[in-house]
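Written out below as structure tokens is the structure these notes cover.
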Amino acid sequence: MGKFKGFIEFERTDERLIPVKKRVKNYNEFTIKPSEKKLKEQGGRCMDCGVPFCHSGCPLGNLIPDFNDAVYNNEWEKALHLLHSTNNFPEFTGRLCPAPCEAACVLGIISPPVSIELIEKYIVERGFKEGWIKAIPPKNRTGKKIAIVGSGPAGLAAAQQLNKAGHSIDVFERDSKIGGLLRYGIPDFKMEKHVIDRRLSILEEEGIKFHTNIEVGVDLSCNELNNYDSVVLCGGATIKRNLPIKGSDLYGVKQAMEFLTLQNEVVDGIKKTTESLNAKGKNVIVIGGGDTGSDCIGTSNRQGAKSVTNFEIMPKPSSERSEENPWPYWPFKLKTSSSHEEGIHREWSILTKEFIGDNSGKVKSLKTVEVEWIKKEGERPILKEIKGSEKLWPCDLALLALGFTGHEPDLVDKLNLQTDNNNQIVTNNYQTSVANIFSAGDMRRGQSLIVWAISEGREAAYQVDKFLMGSSKLETKENGDLPQVR
Ligand SMILES: Cc1cc2nc3c(=O)[nH]c(=O)nc-3n(C[C@H](O)[C@H](O)[C@H](O)COP(=O)(O)OP(=O)(O)OC[C@H]3O[C@@H](n4cnc5c(N)ncnc54)[C@H](O)[C@@H]3O)c2cc1C
Ligand code: SF4
């Protein structure tokens with residue numbers, strides 16, 4: 001345990017942020033590193049609980065009390081080893097994870113939980129700075145070849161694990177750069193892209209081969225996949241939910257991902273300008289909450305929107321946990337992201353009825369109605385429009401951030417994979433209905449989180465290795481084969 005009664009002595013520290021006025025002038029990350037002393041103290045706040053609920057909150061099963069203790073005792077390299085034993089890419093989760101571990105932290109019952117995500121981020125950053133994170137190519141190769149389709153966090157985690165087991169890995173990505181949504185969905189102000197490149201150069205040095213601009217099923221045929229002993233499908237959940245109402249085909253009604261991807265491509269230098277789709281001087285309405293909606297708000301403010309409004313169909317959540325949603329479950333309470341803090345008008349319980357255009361076919365306003373949710377015991381809440389609450393909102397750009405409905409069907413159909421009634425790929429321990437084809441991440445579980453994608457990539461890798469070799473020494477939550485450090 002870090003410091004006896006440390007949780008009484010030290011208050012929780014979060015990262016300080018560069019002031020809003022300054023940070024919205026560019027697309028850089030805007031967090032300020034806490035001092036070494038503060039980070040150690042944060043590790044010292046951990047109580048090393050007999051039953052560490054933080055573990056159960058983390059989909060990766062990160063060894064949280066152990067690395068907290070190591071940080072408190074200034075054993076940063078040990079902390080890094082512990083962190084890497086369950087998480088291939090803590091630099092992604094340390095920046096982007098909503099931290100279900102913190103929601104489950106026992107300290108959270110009586111006081112702010114341990115700043116687990118902060119500690120995670122600075123362990124891995126210290127590791128890169130000190131040069132402790134190096135390529136570790138496998139000593140022997142098995143002669144087995146594996147194709148990974150898609151290079152988001154699930155594909156990358158599966159690739160690194162399977163390469164570690166000695167298999168030869170080809171990762172195929174249809175985009176021009178590797179990273180999936182980390183690269184072209186998530187804005188740079190949440191994670192600068194050199195963070196991905198830094199990790200990719202290590203994966204390449206370890207022997208993983210990356211092939212970009214190749215869509216499997218189109219540029220590389222399904223027959224060519226037969227050259228591989230196994231295939232892992234990690235293509236994400238890319239079908240965007242639409243809003244099929246009057247006026248949704250007007251110019252200026254756009255999918256959030258088009259807007260976010262273009263800005264990321266401009267920051268990346270592969271596109272010159274966002275002129276074809278940007279928020280400058282416009283009344284922007286973002287329809288839908290969640291990470292995608294929040295990222296649209298941050299991007300609109302950086303592009304110089306005249307106003308930014310966010311509509312959410314659900315009622316405004318309370319600022320505290322409700323009785324039906326106790327610790328250690330994920331708290332469904334009001335979330336205010338750093339992008340919200342940068343300027344937003346938020347409306348809840350509001351339904352978009354129609355987009356209204358001008359003579360040239362451009363959206364000029366949006367018609368809404370307020371709604372209430374009628375709850376009946378044992379039934380799902382029913383939405384009811386409130387008569388007389390219709391309202392018109394000026395709007396030059398409407399961004400649809402309504403989530404994703406699942407994976408693209410083409411490749412799955414071509415490979416003859418079995419799907420269920422919800423069009424999800426049927427898997428058993430990540431194995432599809434075709435024995436040597438596996439699937440992981442958003443493509444398998446539907447739209448989710450980076451931490452789940454990494455976890456699924458790791459677990460699928462273990463199953464593939466076992467399938468090819470009869471047994472596997474890869475770490476997995478299933479065999480509990482994690483380092484014994486306590
Ligand atoms: C705007 C936005 C913001 C988000 N912010 C957060 C956040 O802050 N924190 C968080 O935890 N999660 C966040 N998420 C969710 C998170 O990004 C995803 O859950 C995660 O990236 C899923 O990883 P994946 O590897 O399964 O798929 P993806 O990251 O979607 O990667 C799939 C890749 O497969 C490629 N592909 C698909 N089909 C083929 C094919 N046939 N051939 C070759 N390549 C193919 C795609 O081009 C893509 O690059 C966000 C999502 C969005 C959209
Ligand atoms: S639940 Fe919180 S206090 Fe307890 S071991 Fe985990 S991080 Fe430490």
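By order in the structure tokens, chains are A, B, ...; within a chain, residues start at 1; ligands start at 1, following the order shown.
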
Which residues in stretch 249-356 of chain A does DSSP call strand (DSSP E)? List them as a JSON list (two decimals) with N, CA and C atoms, in the first residue's frame.
```
[["chain", "number", "residue", "atom", "x", "y", "z"],
["A", 253, "VAL", "N", -26.73, 19.75, -43.66],
["A", 253, "VAL", "CA", -27.08, 18.72, -42.68],
["A", 253, "VAL", "C", -26.06, 17.59, -42.91],
["A", 254, "LYS", "N", -25.19, 17.39, -41.96],
["A", 254, "LYS", "CA", -24.05, 16.50, -42.20],
["A", 254, "LYS", "C", -23.85, 15.49, -41.08],
["A", 255, "GLN", "N", -23.28, 14.38, -41.43],
["A", 255, "GLN", "CA", -22.89, 13.41, -40.42],
["A", 255, "GLN", "C", -21.67, 13.95, -39.67],
["A", 283, "ASN", "N", -24.22, 29.23, -37.22],
["A", 283, "ASN", "CA", -24.98, 28.71, -36.08],
["A", 283, "ASN", "C", -24.99, 27.19, -36.23],
["A", 284, "VAL", "N", -24.27, 26.54, -35.33],
["A", 284, "VAL", "CA", -24.12, 25.08, -35.44],
["A", 284, "VAL", "C", -25.04, 24.40, -34.42],
["A", 285, "ILE", "N", -25.75, 23.38, -34.88],
["A", 285, "ILE", "CA", -26.51, 22.57, -33.94],
["A", 285, "ILE", "C", -26.01, 21.13, -34.02],
["A", 286, "VAL", "N", -25.55, 20.63, -32.89],
["A", 286, "VAL", "CA", -25.07, 19.25, -32.82],
["A", 286, "VAL", "C", -26.20, 18.41, -32.24],
["A", 287, "ILE", "N", -26.66, 17.44, -33.01],
["A", 287, "ILE", "CA", -27.77, 16.60, -32.55],
["A", 287, "ILE", "C", -27.21, 15.28, -32.03],
["A", 307, "SER", "N", -22.40, 30.28, -33.04],
["A", 307, "SER", "CA", -23.02, 29.71, -31.84],
["A", 307, "SER", "C", -22.99, 28.19, -31.97],
["A", 308, "VAL", "N", -22.93, 27.52, -30.83],
["A", 308, "VAL", "CA", -22.97, 26.05, -30.84],
["A", 308, "VAL", "C", -24.04, 25.59, -29.84],
["A", 309, "THR", "N", -24.98, 24.81, -30.34],
["A", 309, "THR", "CA", -26.08, 24.30, -29.50],
["A", 309, "THR", "C", -26.09, 22.79, -29.60],
["A", 310, "ASN", "N", -26.37, 22.14, -28.50],
["A", 310, "ASN", "CA", -26.41, 20.68, -28.49],
["A", 310, "ASN", "C", -27.80, 20.18, -28.06],
["A", 311, "PHE", "N", -28.37, 19.32, -28.87],
["A", 311, "PHE", "CA", -29.68, 18.74, -28.55],
["A", 311, "PHE", "C", -29.50, 17.30, -28.07],
["A", 312, "GLU", "N", -30.20, 16.97, -27.03],
["A", 312, "GLU", "CA", -30.20, 15.59, -26.52],
["A", 312, "GLU", "C", -31.65, 15.20, -26.28],
["A", 345, "HIS", "N", -24.51, 25.77, -25.72],
["A", 345, "HIS", "CA", -25.84, 25.85, -25.13],
["A", 345, "HIS", "C", -26.43, 24.45, -25.23],
["A", 346, "ARG", "N", -26.82, 23.86, -24.10],
["A", 346, "ARG", "CA", -27.30, 22.47, -24.12],
["A", 346, "ARG", "C", -28.80, 22.41, -23.86],
["A", 347, "GLU", "N", -29.48, 21.63, -24.67],
["A", 347, "GLU", "CA", -30.94, 21.42, -24.50],
["A", 347, "GLU", "C", -31.19, 19.92, -24.34],
["A", 348, "TRP", "N", -31.99, 19.56, -23.34],
["A", 348, "TRP", "CA", -32.35, 18.15, -23.13],
["A", 348, "TRP", "C", -33.84, 17.95, -23.41],
["A", 350, "ILE", "N", -35.44, 17.11, -26.04],
["A", 350, "ILE", "CA", -35.83, 17.86, -27.24],
["A", 350, "ILE", "C", -35.70, 16.96, -28.47],
["A", 351, "LEU", "N", -36.71, 17.03, -29.33],
["A", 351, "LEU", "CA", -36.75, 16.16, -30.51],
["A", 351, "LEU", "C", -36.73, 17.03, -31.77],
["A", 352, "THR", "N", -35.84, 16.68, -32.70],
["A", 352, "THR", "CA", -35.78, 17.42, -33.96],
["A", 352, "THR", "C", -36.86, 16.89, -34.90],
["A", 353, "LYS", "N", -37.73, 17.78, -35.39],
["A", 353, "LYS", "CA", -38.85, 17.35, -36.23],
["A", 353, "LYS", "C", -38.57, 17.56, -37.71],
["A", 354, "GLU", "N", -37.84, 18.65, -38.02],
["A", 354, "GLU", "CA", -37.69, 19.00, -39.44],
["A", 354, "GLU", "C", -36.52, 19.96, -39.65],
["A", 355, "PHE", "N", -35.82, 19.80, -40.75],
["A", 355, "PHE", "CA", -34.82, 20.79, -41.16],
["A", 355, "PHE", "C", -35.49, 21.67, -42.22],
["A", 356, "ILE", "N", -35.36, 22.98, -42.08],
["A", 356, "ILE", "CA", -36.01, 23.87, -43.05],
["A", 356, "ILE", "C", -34.93, 24.58, -43.86]]
```

Which of stretch 244-446 of chain A counts as helix (DSSP H, G or I) under DSSP, as a VMD selection string please?
chain A and resid 256 to 268 290 to 303 338 to 341 409 to 414 442 to 445

If we count only C-alpha atoms and set the cut-off at 8 Å, which residues sit around stretch 420-434 of chain A, ignoring sequence neighbours fewer than 6 positions away in its own chain? Please answer as JSON, numbers by chain.
{"A": [406, 407, 412, 440, 443, 444, 445, 446, 459, 460, 463]}

Can you tell me which residues surround A:Thr142 at a distance of at most 10 Å, considering only C-alpha atoms, apart from same-chain residues fewer than 5 positions away, and format the answer as a VMD selection string?
chain A and resid 163 165 to 168 468 to 469

What's the 12 Å shell around A:Asn87, counting only C-alpha atoms, without same-chain residues fewer than 4 positions away, as a PyMOL selection string?
chain A and resi 58-64+80-83+91-94+120-121+124+153-154+156-158+160-161+450-459+475-477+482

Which protein, DNA or RNA residues have an atom within 7 Å of ligand 1, counting only C-alpha atoms and all ligand atoms, as a ChimeraX atom specification?
/A:93,96-98,149-155,172-175,178-182,185-186,214-217,234-238,257,260,291-292,295,411,440-443,447-451,453

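You can rank A:Trp76, A:Phe189, A:Tyr228, A:Phe67 by their closest distance to A:Glu29 using only C-alpha atoms, and at the top of that list sits A:Phe189.
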
Rank A:Lys246, A:Lys22, A:Arg198, A:His55 by their smallest atom-to-atom distance to ligand 2, using only C-alpha atoms and all ligand atoms, and report the top residue only.
A:His55

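Comparing the minimum interatomic distances between ligand 2 and each of A:Trp393, A:Phe4, A:Phe438, A:Phe30, counting only C-alpha atoms and all ligand atoms, we find that A:Phe4 sits nearest.
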
Nearby residues (only C-alpha atoms) at most 9 Å from A:Ile386, same-chain spacing under 6 positions excluded, as a PyMOL selection string:
chain A and resi 369-372

Export of prior selection with N, CA and C atoms as a PDB file, in the first residue's frame:
```pdb
ATOM      1  N   VAL A 369     -39.484  19.978 -30.999  1.00  0.00           N
ATOM      2  CA  VAL A 369     -40.579  19.919 -30.033  1.00  0.00           C
ATOM      3  C   VAL A 369     -39.995  19.334 -28.739  1.00  0.00           C
ATOM      4  N   GLU A 370     -40.488  19.839 -27.614  1.00  0.00           N
ATOM      5  CA  GLU A 370     -40.033  19.275 -26.339  1.00  0.00           C
ATOM      6  C   GLU A 370     -40.743  17.951 -26.103  1.00  0.00           C
ATOM      7  N   VAL A 371     -40.056  17.048 -25.401  1.00  0.00           N
ATOM      8  CA  VAL A 371     -40.674  15.736 -25.148  1.00  0.00           C
ATOM      9  C   VAL A 371     -40.592  15.398 -23.667  1.00  0.00           C
ATOM     10  N   GLU A 372     -41.489  14.514 -23.236  1.00  0.00           N
ATOM     11  CA  GLU A 372     -41.332  13.951 -21.895  1.00  0.00           C
ATOM     12  C   GLU A 372     -41.286  12.428 -22.024  1.00  0.00           C
TER      13      GLU A 372
END
```

Neighbours of ligand 2 at 8 Å or closer, counting only C-alpha atoms and all ligand atoms: which residues, as a PyMOL selection string?
chain A and resi 45-55+64-65+68+101-102+104-108+113-116

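Of the residues listed (A:Leu162, A:Ile245, A:Ile270, A:Ala401), A:Ile245 shows the shortest atom-to-atom separation from A:Lys367; distances use only C-alpha atoms.
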
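Using only C-alpha atoms, the shortest contact distance between A:Pro34 and any of A:Asp197, A:Glu205, A:Asp14, A:Asp410 is found at A:Asp14.
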
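You can rank A:Pro90, A:Pro187, A:Gly290, A:Pro100 by their closest distance to A:Tyr27 using only C-alpha atoms, and at the top of that list sits A:Pro187.
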
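Around A:Pro381, within 12 Å and counting only C-alpha atoms, the residues found are Met314, Pro315, Val371, Glu372, Trp373, Ile374, Lys375 and Lys376 of chain A, once anything fewer than 5 positions away on its own chain is removed.
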